[in-house]
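Novice: See target35.txt below, with compact mmCIF, C-alpha atoms.
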# COMPACT_ATOMS: atom_id res chain seq x y z
CA MET R 174 68.26 0.09 9.75
CA SER R 175 66.55 -3.01 8.34
CA GLU R 176 63.19 -1.43 9.27
CA VAL R 177 63.83 1.46 6.86
CA THR R 178 64.92 -0.95 4.11
CA GLN R 179 61.75 -3.01 4.54
CA ALA R 180 59.63 0.15 4.49
CA ALA R 181 61.25 1.20 1.21
CA GLN R 182 60.65 -2.25 -0.29
CA HIS R 183 56.95 -2.06 0.63
CA GLY R 184 56.58 1.40 -0.90
CA LEU R 185 55.86 3.10 2.42
CA LEU R 186 58.49 5.77 1.78
CA ARG R 187 56.44 6.85 -1.28
CA ASN R 188 53.26 7.15 0.80
CA ARG R 189 52.98 10.90 1.52
CA ALA R 190 50.55 10.54 4.40
CA PHE R 191 52.72 7.89 6.03
CA MET R 192 55.86 9.99 5.59
CA SER R 193 54.14 13.02 7.14
CA LEU R 194 53.02 11.01 10.16
CA TRP R 195 56.44 9.37 10.49
CA ALA R 196 58.25 12.71 10.32
CA ALA R 197 55.82 14.15 12.89
CA GLN R 198 56.56 11.23 15.19
CA ILE R 199 60.33 11.71 14.89
CA LEU R 200 60.15 15.45 15.58
CA SER R 201 57.58 15.32 18.38
CA GLN R 202 59.08 12.32 20.20
CA ALA R 203 62.59 13.77 20.09
CA ALA R 204 61.25 17.13 21.29
CA ALA R 205 59.21 15.59 24.12
CA THR R 206 62.14 13.56 25.48
CA ALA R 207 64.47 16.54 25.07
CA VAL R 208 62.11 18.60 27.25
CA THR R 209 62.30 16.05 30.05
CA SER R 210 66.08 15.70 29.77
CA ALA R 211 66.69 19.47 29.77
CA LEU R 212 64.31 20.06 32.66
CA ILE R 213 66.14 17.42 34.71
CA ILE R 214 69.36 19.36 34.18
CA LEU R 215 67.65 22.69 34.94
CA VAL R 216 66.00 21.50 38.17
CA ALA R 217 69.26 19.87 39.32
CA GLU R 218 71.15 23.11 38.72
CA LEU R 219 68.59 25.18 40.61
CA THR R 220 68.03 22.86 43.59
CA HIS R 221 71.10 20.56 43.76
CA SER R 222 68.60 17.96 44.99
CA ASN R 223 68.06 14.42 43.74
CA THR R 224 64.57 14.45 45.24
CA SER R 225 63.59 17.44 43.08
CA SER R 226 64.78 15.59 39.98
CA SER R 227 62.76 12.52 40.99
CA ILE R 228 59.64 14.66 41.42
CA LEU R 229 60.15 16.02 37.92
CA ILE R 230 60.27 12.50 36.45
CA LEU R 231 57.20 11.52 38.45
CA LEU R 232 55.30 14.43 36.94
CA ALA R 233 56.02 12.93 33.51
CA ILE R 234 54.70 9.52 34.61
CA ILE R 235 51.56 10.55 36.53
CA PRO R 236 49.62 11.62 33.39
CA ALA R 237 50.03 8.12 31.94
CA VAL R 238 48.40 6.67 35.05
CA VAL R 239 45.68 9.33 35.44
CA PHE R 240 44.78 10.22 31.85
CA GLY R 241 45.78 7.11 29.91
CA PHE R 242 42.23 5.72 29.84
CA ALA R 243 40.71 9.07 28.86
CA GLY R 244 43.19 9.47 26.02
CA GLY R 245 42.03 6.30 24.30
CA VAL R 246 38.34 7.14 24.77
CA ILE R 247 38.70 10.63 23.27
CA VAL R 248 40.82 9.49 20.34
CA ASP R 249 38.19 6.93 19.33
CA ARG R 250 35.47 9.59 19.28
CA VAL R 251 36.96 12.58 17.46
CA ASP R 252 38.82 13.22 14.21
CA ARG R 253 42.30 11.80 14.81
CA ARG R 254 43.91 14.33 12.49
CA VAL R 255 42.53 17.12 14.67
CA VAL R 256 43.96 15.40 17.77
CA LEU R 257 47.40 15.10 16.15
CA VAL R 258 47.44 18.73 15.02
CA LEU R 259 46.20 20.14 18.32
CA THR R 260 48.42 18.02 20.56
CA ASN R 261 51.58 19.08 18.75
CA ALA R 262 50.48 22.73 18.72
CA ALA R 263 49.60 22.53 22.42
CA ARG R 264 53.03 21.15 23.27
CA ALA R 265 54.67 23.95 21.30
CA PHE R 266 52.68 26.52 23.32
CA ALA R 267 53.46 24.65 26.56
CA ILE R 268 57.15 25.50 26.07
CA VAL R 269 56.40 29.26 26.02
CA PRO R 270 56.39 29.66 29.86
CA LEU R 271 60.00 28.46 29.92
CA ILE R 272 60.92 31.23 27.48
CA LEU R 273 58.91 33.96 29.24
CA ALA R 274 59.28 33.02 32.92
CA GLY R 275 62.95 32.11 32.80
CA GLU R 276 64.63 29.48 34.95
CA SER R 277 62.18 28.43 37.65
CA VAL R 278 61.55 25.09 39.36
CA ALA R 279 57.79 25.70 39.47
CA THR R 280 57.73 26.51 35.75
CA ALA R 281 59.81 23.41 34.99
CA TYR R 282 57.37 21.20 36.93
CA LEU R 283 54.36 22.79 35.22
CA VAL R 284 55.75 22.50 31.69
CA ASN R 285 56.88 18.90 32.20
CA PHE R 286 53.43 17.91 33.44
CA LEU R 287 51.65 19.71 30.59
CA VAL R 288 53.84 18.19 27.86
CA ALA R 289 53.47 14.69 29.34
CA THR R 290 49.69 15.11 29.66
CA VAL R 291 49.22 16.23 26.06
CA THR R 292 51.49 13.42 24.83
CA ILE R 293 49.04 10.92 26.35
CA PHE R 294 46.54 11.94 23.65
CA PHE R 295 49.06 12.15 20.79
CA VAL R 296 50.40 8.58 21.11
CA PRO R 297 47.09 6.65 20.73
CA ALA R 298 45.95 9.02 17.96
CA GLU R 299 49.18 8.34 16.09
CA ALA R 300 48.89 4.55 16.53
CA ALA R 301 45.23 4.57 15.47
CA THR R 302 46.02 6.64 12.35
CA ILE R 303 48.54 4.20 10.88
CA PRO R 304 45.98 1.56 9.75
CA SER R 305 43.95 4.24 7.95
CA ILE R 306 46.86 5.41 5.77
CA VAL R 307 48.72 2.11 5.23
CA ARG R 308 47.62 -1.02 3.39
CA LYS R 309 46.76 -3.90 5.70
CA LYS R 310 49.57 -6.09 4.34
CA ASP R 311 52.10 -3.33 5.16
CA LEU R 312 50.97 -2.76 8.74
CA LEU R 313 53.63 -4.99 10.32
CA VAL R 314 56.44 -3.18 8.52
CA ALA R 315 54.93 0.22 9.33
CA ASN R 316 54.59 -0.58 13.02
CA SER R 317 58.12 -1.97 13.16
CA LEU R 318 59.46 1.24 11.67
CA PHE R 319 57.51 3.37 14.15
CA THR R 320 58.74 1.24 17.05
CA PHE R 321 62.33 1.58 15.83
CA THR R 322 62.11 5.36 15.50
CA PHE R 323 60.25 5.67 18.83
CA ASN R 324 63.23 4.15 20.64
CA GLY R 325 65.74 5.95 18.44
CA THR R 326 64.23 9.39 18.96
CA PHE R 327 64.15 8.78 22.70
CA LEU R 328 67.91 8.37 22.60
CA VAL R 329 68.36 11.38 20.30
CA GLY R 330 66.20 13.69 22.41
CA PHE R 331 67.18 12.56 25.89
CA ILE R 332 70.84 11.74 25.39
CA ILE R 333 72.02 13.88 22.48
CA LEU R 334 69.82 16.89 21.67
CA ALA R 335 69.11 18.28 25.14
CA PRO R 336 72.48 17.77 26.91
CA ILE R 337 74.59 18.93 23.97
CA VAL R 338 72.50 22.00 23.06
CA VAL R 339 72.29 23.06 26.73
CA SER R 340 76.04 22.62 27.19
CA LEU R 341 76.97 24.54 24.03
CA TYR R 342 74.23 27.18 23.64
CA GLY R 343 72.13 27.27 26.82
CA PHE R 344 68.50 26.59 27.69
CA TYR R 345 66.82 29.34 25.66
CA VAL R 346 68.17 28.04 22.37
CA LEU R 347 66.91 24.58 23.27
CA TRP R 348 63.43 25.89 24.19
CA PHE R 349 63.09 27.64 20.83
CA THR R 350 64.35 24.51 19.04
CA ILE R 351 61.85 22.26 20.82
CA ALA R 352 58.92 24.62 20.22
CA THR R 353 59.85 24.77 16.53
CA MET R 354 59.99 20.96 16.30
CA PHE R 355 56.50 20.65 17.81
CA ALA R 356 55.17 23.36 15.48
CA ILE R 357 56.58 21.64 12.37
CA ALA R 358 55.08 18.34 13.55
CA SER R 359 51.70 20.05 13.86
CA LEU R 360 51.96 21.41 10.31
CA LEU R 361 52.91 17.95 9.00
CA CYS R 362 49.81 16.47 10.62
CA LEU R 363 47.66 19.03 8.80
CA THR R 364 48.54 17.22 5.55
CA LEU R 365 47.02 13.96 6.77
CA PRO R 366 43.59 12.87 5.52
CA THR R 367 40.65 13.48 7.82
CA SER R 368 39.57 10.56 9.95
CA ALA R 369 35.91 10.52 10.90
CA PRO R 370 35.34 8.86 14.29
CA LYS R 371 33.77 5.41 14.05
CA ALA R 372 32.86 5.23 17.71
CA ARG R 373 30.06 7.22 19.28
CA LEU R 374 30.75 10.77 20.35
CA LEU R 375 31.81 11.36 23.92
CA SER R 376 29.08 10.72 26.47
CA VAL R 377 28.62 9.13 29.88
CA ASP R 378 27.29 5.90 28.33
CA ALA R 379 30.09 5.76 25.76
CA ALA R 380 32.72 6.32 28.42
CA SER R 381 31.17 3.62 30.62
CA GLU R 382 31.13 1.17 27.70
CA ALA R 383 34.74 1.98 26.81
CA PHE R 384 35.77 1.46 30.44
CA SER R 385 34.10 -1.97 30.51
CA GLU R 386 35.80 -2.98 27.26
CA THR R 387 39.15 -1.82 28.60
CA ARG R 388 38.67 -3.80 31.81
CA ARG R 389 37.78 -6.94 29.85
CA GLY R 390 40.81 -6.42 27.60
CA ILE R 391 43.16 -6.12 30.56
CA SER R 392 41.64 -9.25 32.12
CA ASP R 393 42.20 -11.17 28.86
CA ALA R 394 45.80 -9.96 28.70
CA PHE R 395 46.60 -11.08 32.26
CA HIS R 396 44.91 -14.44 31.64
CA TYR R 397 47.15 -14.94 28.59
CA LEU R 398 50.27 -13.86 30.48
CA ARG R 399 49.65 -16.42 33.24
CA SER R 400 49.87 -19.18 30.64
CA THR R 401 53.00 -17.84 28.88
CA PRO R 402 55.85 -17.25 31.36
CA LEU R 403 58.35 -16.38 28.61
CA VAL R 404 56.19 -13.46 27.46
CA THR R 405 55.63 -12.39 31.07
CA TRP R 406 59.37 -12.34 31.78
CA ALA R 407 60.03 -10.43 28.56
CA MET R 408 57.64 -7.74 29.79
CA VAL R 409 59.36 -7.68 33.19
CA TYR R 410 62.75 -7.19 31.52
CA ILE R 411 61.48 -4.30 29.41
CA ALA R 412 59.76 -2.63 32.37
CA LEU R 413 62.93 -3.08 34.43
CA THR R 414 65.19 -1.43 31.86
CA TYR R 415 62.80 1.49 31.35
CA THR R 416 62.67 1.95 35.13
CA LEU R 417 66.47 1.97 35.30
CA ILE R 418 66.56 4.61 32.56
CA ALA R 419 64.07 6.75 34.50
CA ILE R 420 66.13 6.41 37.69
CA ALA R 421 69.36 7.13 35.82
CA GLY R 422 67.79 10.21 34.26
CA ALA R 423 66.71 11.49 37.65
CA LEU R 424 70.07 10.86 39.33
CA ALA R 425 72.52 11.60 36.50
CA PRO R 426 72.96 15.31 37.37
CA GLY R 427 73.49 14.42 41.04
CA PHE R 428 76.00 11.74 40.07
CA VAL R 429 78.01 14.24 38.03
CA ARG R 430 77.88 16.69 40.92
CA GLU R 431 78.77 14.19 43.68
CA VAL R 432 81.20 11.87 41.94
CA LEU R 433 82.91 13.99 39.29
CA ARG R 434 82.53 17.24 41.27
CA LEU R 435 81.37 19.04 38.12
CA GLY R 436 78.37 21.20 37.28
CA GLU R 437 75.10 19.54 36.31
CA ARG R 438 75.35 20.66 32.69
CA ASN R 439 78.32 18.32 32.31
CA VAL R 440 75.89 15.39 32.55
CA VAL R 441 76.73 14.80 28.88
CA VAL R 442 79.93 12.98 29.99
CA LEU R 443 77.65 10.32 31.47
CA ILE R 444 74.69 10.32 29.09
CA ALA R 445 76.49 10.57 25.73
CA PRO R 446 78.62 7.40 26.25
CA ALA R 447 75.47 5.54 27.30
CA GLY R 448 73.78 6.58 24.06
CA LEU R 449 76.78 5.49 22.01
CA GLY R 450 76.75 2.21 23.92
CA VAL R 451 73.13 1.61 22.92
CA VAL R 452 73.98 2.19 19.24
CA PHE R 453 77.06 -0.05 19.43
CA GLY R 454 75.07 -2.67 21.33
CA LEU R 455 72.46 -2.83 18.57
CA GLY R 456 75.15 -3.72 16.04
CA LEU R 457 76.87 -6.17 18.37
CA LEU R 458 73.56 -7.80 19.21
CA ASN R 459 72.95 -8.78 15.59
CA VAL R 460 76.13 -10.87 15.72
CA VAL R 461 75.91 -12.23 19.26
CA SER R 462 72.21 -13.16 19.31
CA ARG R 463 72.64 -15.46 16.31
CA ARG R 464 75.24 -17.46 18.24
CA ILE R 465 73.86 -17.56 21.76
CA GLY R 466 70.16 -16.84 21.16
CA ARG R 467 67.95 -14.03 22.46
CA PRO R 468 67.24 -15.50 25.94
CA HIS R 469 70.97 -15.82 26.70
CA ALA R 470 71.60 -12.33 25.31
CA ILE R 471 69.06 -11.00 27.81
CA GLY R 472 70.82 -12.86 30.64
CA ALA R 473 74.19 -11.46 29.59
CA GLY R 474 72.71 -7.96 29.46
CA LEU R 475 71.26 -8.29 32.97
CA MET R 476 74.57 -9.45 34.49
CA THR R 477 76.47 -6.72 32.65
CA THR R 478 74.03 -4.19 34.09
CA VAL R 479 74.68 -5.50 37.59
CA ILE R 480 78.45 -5.08 37.15
CA ALA R 481 78.07 -1.59 35.65
CA LEU R 482 75.88 -0.43 38.53
CA ILE R 483 78.36 -1.75 41.10
CA VAL R 484 81.23 0.06 39.37
CA LEU R 485 79.26 3.32 39.39
CA ALA R 486 78.43 2.82 43.07
CA ALA R 487 82.11 2.16 43.90
CA ALA R 488 83.16 5.39 42.18
CA ARG R 489 81.49 7.48 44.92
CA PRO R 490 83.73 6.52 47.90
CA PHE R 491 86.85 6.70 45.73
CA THR R 492 85.90 10.28 44.87
CA ASP R 493 86.25 11.29 48.53
CA VAL R 494 89.61 9.54 48.76
CA PHE R 495 91.03 11.32 45.72
CA ALA R 496 89.47 14.68 46.59
CA GLU R 497 91.13 14.63 50.01
CA SER R 498 94.50 13.42 48.71
CA ARG R 499 97.26 15.41 47.09
CA PHE R 500 95.61 14.70 43.73
CA GLY R 501 92.53 16.68 44.76
CA GLY R 502 91.80 20.33 44.27
CA GLY R 503 91.63 22.29 41.07
CA LEU R 504 89.15 21.45 38.34
CA GLY R 505 86.08 19.71 39.69
CA GLY R 506 87.77 19.17 43.08
CA LEU R 507 89.53 16.08 41.70
CA GLY R 508 92.44 17.81 40.02
CA GLY R 509 94.68 15.40 38.16
CA ALA R 510 92.38 12.49 38.98
CA LEU R 511 89.46 14.03 37.07
CA PRO R 512 90.37 12.61 33.61
CA PHE R 513 90.76 9.16 35.18
CA PHE R 514 87.33 9.36 36.82
CA ILE R 515 85.69 10.69 33.67
CA GLY R 516 87.24 7.81 31.71
CA ILE R 517 86.03 5.15 34.15
CA VAL R 518 82.54 6.59 34.38
CA SER R 519 82.23 7.09 30.62
CA VAL R 520 83.38 3.55 29.84
CA THR R 521 80.98 2.16 32.44
CA ALA R 522 78.11 4.20 30.99
CA PHE R 523 79.05 2.92 27.52
CA VAL R 524 78.88 -0.67 28.79
CA PHE R 525 75.55 0.10 30.47
CA GLY R 526 74.22 1.27 27.11
CA ILE R 527 75.31 -2.00 25.48
CA ALA R 528 73.57 -3.96 28.25
CA TYR R 529 70.39 -1.93 27.70
CA SER R 530 70.34 -3.01 24.04
CA PHE R 531 71.01 -6.64 24.97
CA ILE R 532 68.00 -6.68 27.30
CA THR R 533 65.40 -4.48 25.64
CA VAL R 534 65.69 -5.43 21.97
CA PRO R 535 65.61 -9.26 22.40
CA ALA R 536 62.80 -8.95 24.97
CA MET R 537 60.73 -6.77 22.64
CA THR R 538 61.42 -9.15 19.75
CA LEU R 539 60.30 -12.12 21.86
CA LEU R 540 57.08 -10.27 22.63
CA GLN R 541 56.41 -9.54 18.96
CA GLU R 542 57.17 -13.14 17.95
CA GLU R 543 55.24 -14.91 20.70
CA LEU R 544 52.13 -12.73 20.98
CA PRO R 545 49.09 -13.69 18.87
CA GLU R 546 47.81 -10.77 16.84
CA ASP R 547 44.40 -10.74 18.55
CA ILE R 548 45.94 -10.21 22.01
CA ARG R 549 48.93 -8.04 21.06
CA GLY R 550 47.35 -4.63 21.61
CA ARG R 551 46.01 -5.52 25.04
CA VAL R 552 49.34 -6.99 26.19
CA PHE R 553 51.24 -3.90 25.05
CA GLY R 554 48.68 -1.83 26.93
CA VAL R 555 49.49 -3.82 30.06
CA LEU R 556 53.19 -3.29 29.32
CA ASN R 557 52.73 0.47 29.23
CA SER R 558 50.95 0.30 32.58
CA LEU R 559 53.70 -1.91 34.00
CA VAL R 560 56.36 0.58 32.95
CA SER R 561 54.50 3.40 34.68
CA ILE R 562 53.86 1.39 37.84
CA PHE R 563 57.40 -0.04 37.99
CA SER R 564 58.85 3.45 37.60
CA PHE R 565 56.55 5.19 40.06
CA LEU R 566 57.60 3.65 43.38
CA PRO R 567 61.40 3.67 42.77
CA LEU R 568 61.29 7.32 41.73
CA VAL R 569 59.43 8.18 44.94
CA ILE R 570 62.20 6.73 47.13
CA VAL R 571 65.47 7.01 45.17
CA GLY R 572 65.62 10.82 45.33
CA PRO R 573 65.35 11.04 49.14
CA ILE R 574 67.73 8.07 49.57
CA ALA R 575 70.32 9.73 47.34
CA ASP R 576 69.96 13.04 49.19
CA VAL R 577 70.34 11.45 52.64
CA TRP R 578 72.84 8.65 52.04
CA GLY R 579 74.30 9.52 48.64
CA ILE R 580 74.16 8.07 45.14
CA ALA R 581 76.06 4.85 45.93
CA PRO R 582 73.33 3.07 47.98
CA VAL R 583 70.82 3.67 45.17
CA PHE R 584 73.08 2.00 42.62
CA VAL R 585 73.79 -0.90 44.98
CA LEU R 586 70.05 -1.38 45.55
CA ALA R 587 69.43 -1.24 41.78
CA ALA R 588 72.21 -3.79 41.16
CA ALA R 589 70.68 -6.15 43.74
CA THR R 590 67.25 -5.80 42.12
CA VAL R 591 68.59 -6.56 38.64
CA PHE R 592 70.49 -9.58 40.01
CA LEU R 593 67.33 -10.94 41.62
CA VAL R 594 65.45 -10.54 38.35
CA TRP R 595 68.30 -12.31 36.52
CA LEU R 596 68.16 -15.15 39.05
CA ALA R 597 64.37 -15.47 39.11
CA GLY R 598 64.05 -15.59 35.31
CA ARG R 599 67.07 -17.79 34.68
CA SER R 600 65.23 -21.14 34.44
CA GLU R 601 62.71 -19.79 31.93
CA ARG R 602 65.52 -18.27 29.82
CA LEU R 603 67.35 -21.59 29.83
CA ARG R 604 64.21 -23.44 28.69
CA ALA R 605 63.62 -20.86 25.98
CA GLY R 606 67.24 -21.18 24.87
CA LEU R 607 66.91 -24.95 24.58
CA ARG R 608 63.70 -24.61 22.55
CA SER R 609 65.38 -22.09 20.26
CA ALA R 610 68.40 -24.36 19.77
CA ALA R 611 66.13 -27.34 19.02
CA ALA R 612 64.19 -25.31 16.47
CA THR R 613 67.44 -24.25 14.79
CA VAL R 614 68.62 -27.86 14.56
CA THR R 615 65.26 -28.89 13.09
CA HIS R 616 65.47 -26.09 10.52
CA VAL R 617 68.98 -27.15 9.47
CA THR R 618 68.20 -30.88 9.42
CA HIS R 619 64.81 -30.62 7.69
CA PRO R 620 64.80 -27.32 5.83
CA LYS R 621 61.91 -28.28 3.57
CA ASP R 622 59.75 -29.33 6.48
CA SER R 623 60.51 -26.18 8.49
CA VAL R 624 59.81 -23.88 5.56
CA GLY R 625 57.21 -25.71 3.59
CA GLY R 626 55.00 -26.70 6.53
Could I get this file's structure written as structure tokens?
Specialist:
Amino acid sequence: MSEVTQAAQHGLLRNRAFMSLWAAQILSQAAATAVTSALIILVAELTHSNTSSSILILLAIIPAVVFGFAGGVIVDRVDRRVVLVLTNAARAFAIVPLILAGESVATAYLVNFLVATVTIFFVPAEAATIPSIVRKKDLLVANSLFTFTFNGTFLVGFIILAPIVVSLYGFYVLWFTIATMFAIASLLCLTLPTSAPKARLLSVDAASEAFSETRRGISDAFHYLRSTPLVTWAMVYIALTYTLIAIAGALAPGFVREVLRLGERNVVVLIAPAGLGVVFGLGLLNVVSRRIGRPHAIGAGLMTTVIALIVLAAARPFTDVFAESRFGGGLGGLGGALPFFIGIVSVTAFVFGIAYSFITVPAMTLLQEELPEDIRGRVFGVLNSLVSIFSFLPLVIVGPIADVWGIAPVFVLAAATVFLVWLAGRSERLRAGLRSAAATVTHVTHPKDSVGG
């Protein structure tokens, strides 16, 4: 929570406009991720198909690929406050079909696509609004706080809000809750100051110019990345972990159904421990990274992920053994073995959450430390594209693989991929670790030189 402390020290928590935008981000991001999480559970319950769940996740990714460019162009050419208000209101209305049409796969696909599409316009409008309501010297702290809450609300919405509310109260209560969260976010954005567009209004020439600038920016980003392998690998690690989360989200209901022999709504026994593991991992990381350094923390996280994925894959064949033995039958088809399986799976998911923290947070910190300010926006734009591209192909194939051959081969394939990434990036992590250790020794030996310049 150091981000919140720094924000308070800089007076950001007394800035009404900033607080309104921050609260709108928390509500809307948690609601958007809760929609995706709940729809995964709904589609899995209706179809009992991993492929259907993968299609649902793909529908949340496609808008980023198709409309990402248009989102930035429009935001630069209209009042950003209007964009923020309308996008939140539109997402609130997009939930209405789920309330009126009931439980339907087609409705779930439609709503997921609509919410993801509208979100494409909200995110750049939000990012572009921050500099207009925050002093320039406070921008770093403000962006750090928004990054922290962006990741935190993802966990709250995807792992806590949706699974728990669905399990305890059902889908309709969750739909009303999500629509209310979007509506409140829209009202909060109404309190923001107007933001007159500085760029030209939308036109063919303006769009062509914006496209050329975007292409040049991407070219500059890739040129920079070719000369900085540490930054490139940090981006690969982040894209990899986000892809694993997308795959896990798509297959979690099927895993609960196949391995634990429980209904899809019980996905909370897998997702909740993972969320707790992320929180615990953040605290543990603060202690461990000081001793072993961020590059080695990333390596440890990658290897831990490999082990966790193998354990989850091994659980599948053991399920058949126990289900067919005298321990089988009864609750979930596993009888007396069910608590044992739930314990193993929950602990493994908890460890997976820790590994996620050990990979993502140090990698993101390395990016923020190493990137020059004049290239940072373009590199993060490339990162967003990488995440979408990395996630797209696996989600196309993992659903059908899981439906034909089961969950286990998918986890084995994922473990092999993570191991290859660990192996390929090992030499660069070792070099980075040595540089970090040398810098620490220099700081301790010559503190005045390292601080005073």
Novice: Any chance you could tabulate, as a Markdown table, the residues of segment 406-463 of chain R at most 7 Å from segment 214-217 of chain R with each one's nearest atom pair and distance in Å to one decimal, using only C-alpha atoms, in chain and rising number order?
Specialist:
| residue | atom | partner | partner_atom | distance |
| --- | --- | --- | --- | --- |
| R:Pro426 | CA | R:Ala217 | CA | 6.2 |
| R:Glu437 | CA | R:Ile214 | CA | 6.1 |
| R:Arg438 | CA | R:Ile214 | CA | 6.3 |
Novice: Atom CA of Ile465 of chain R and atom CA of Phe531 of chain R, how far apart in Å?
Specialist: 11.7 Å
Novice: Which residue gives the smallest distance to Ala488 of chain R among R:Leu229, R:Ala265, R:Ile580, R:Val255, with only C-alpha atoms counted?
Specialist: R:Ile580
Novice: Just checking: using all atoms listed in the file, which residue out of R:Pro366, R:Val284, R:Arg599, R:Ala279 ends up closest to Asp252 of chain R?
Specialist: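 Using all atoms listed in the file, the shortest distance to Asp252 of chain R belongs to R:Pro366.
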Novice: Extract, using only C-alpha atoms, all DNA, RNA and protein residues at most 10 Å from Phe525 of chain R, discarding same-chain residues fewer than 2 positions from it, and format them as a list in words.
Specialist: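 Returned residues: Pro446, Ala447, Gly448, Gly450, Val451, Gly454, Gly474, Leu475, Thr477, Thr478, Val479, Ile480, Ala481, Leu482, Ser519, Val520, Thr521, Ala522, Phe523, Ile527, Ala528, Tyr529, Ser530 and Phe531 of chain R.
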Novice: Looking at R:Thr280, R:Ser226, R:Asn439, R:Thr353, which one is nearest to Pro573 of chain R, with distances taken over all atoms listed in the file?
Specialist: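 The answer is R:Ser226, which sits nearest to Pro573 of chain R.
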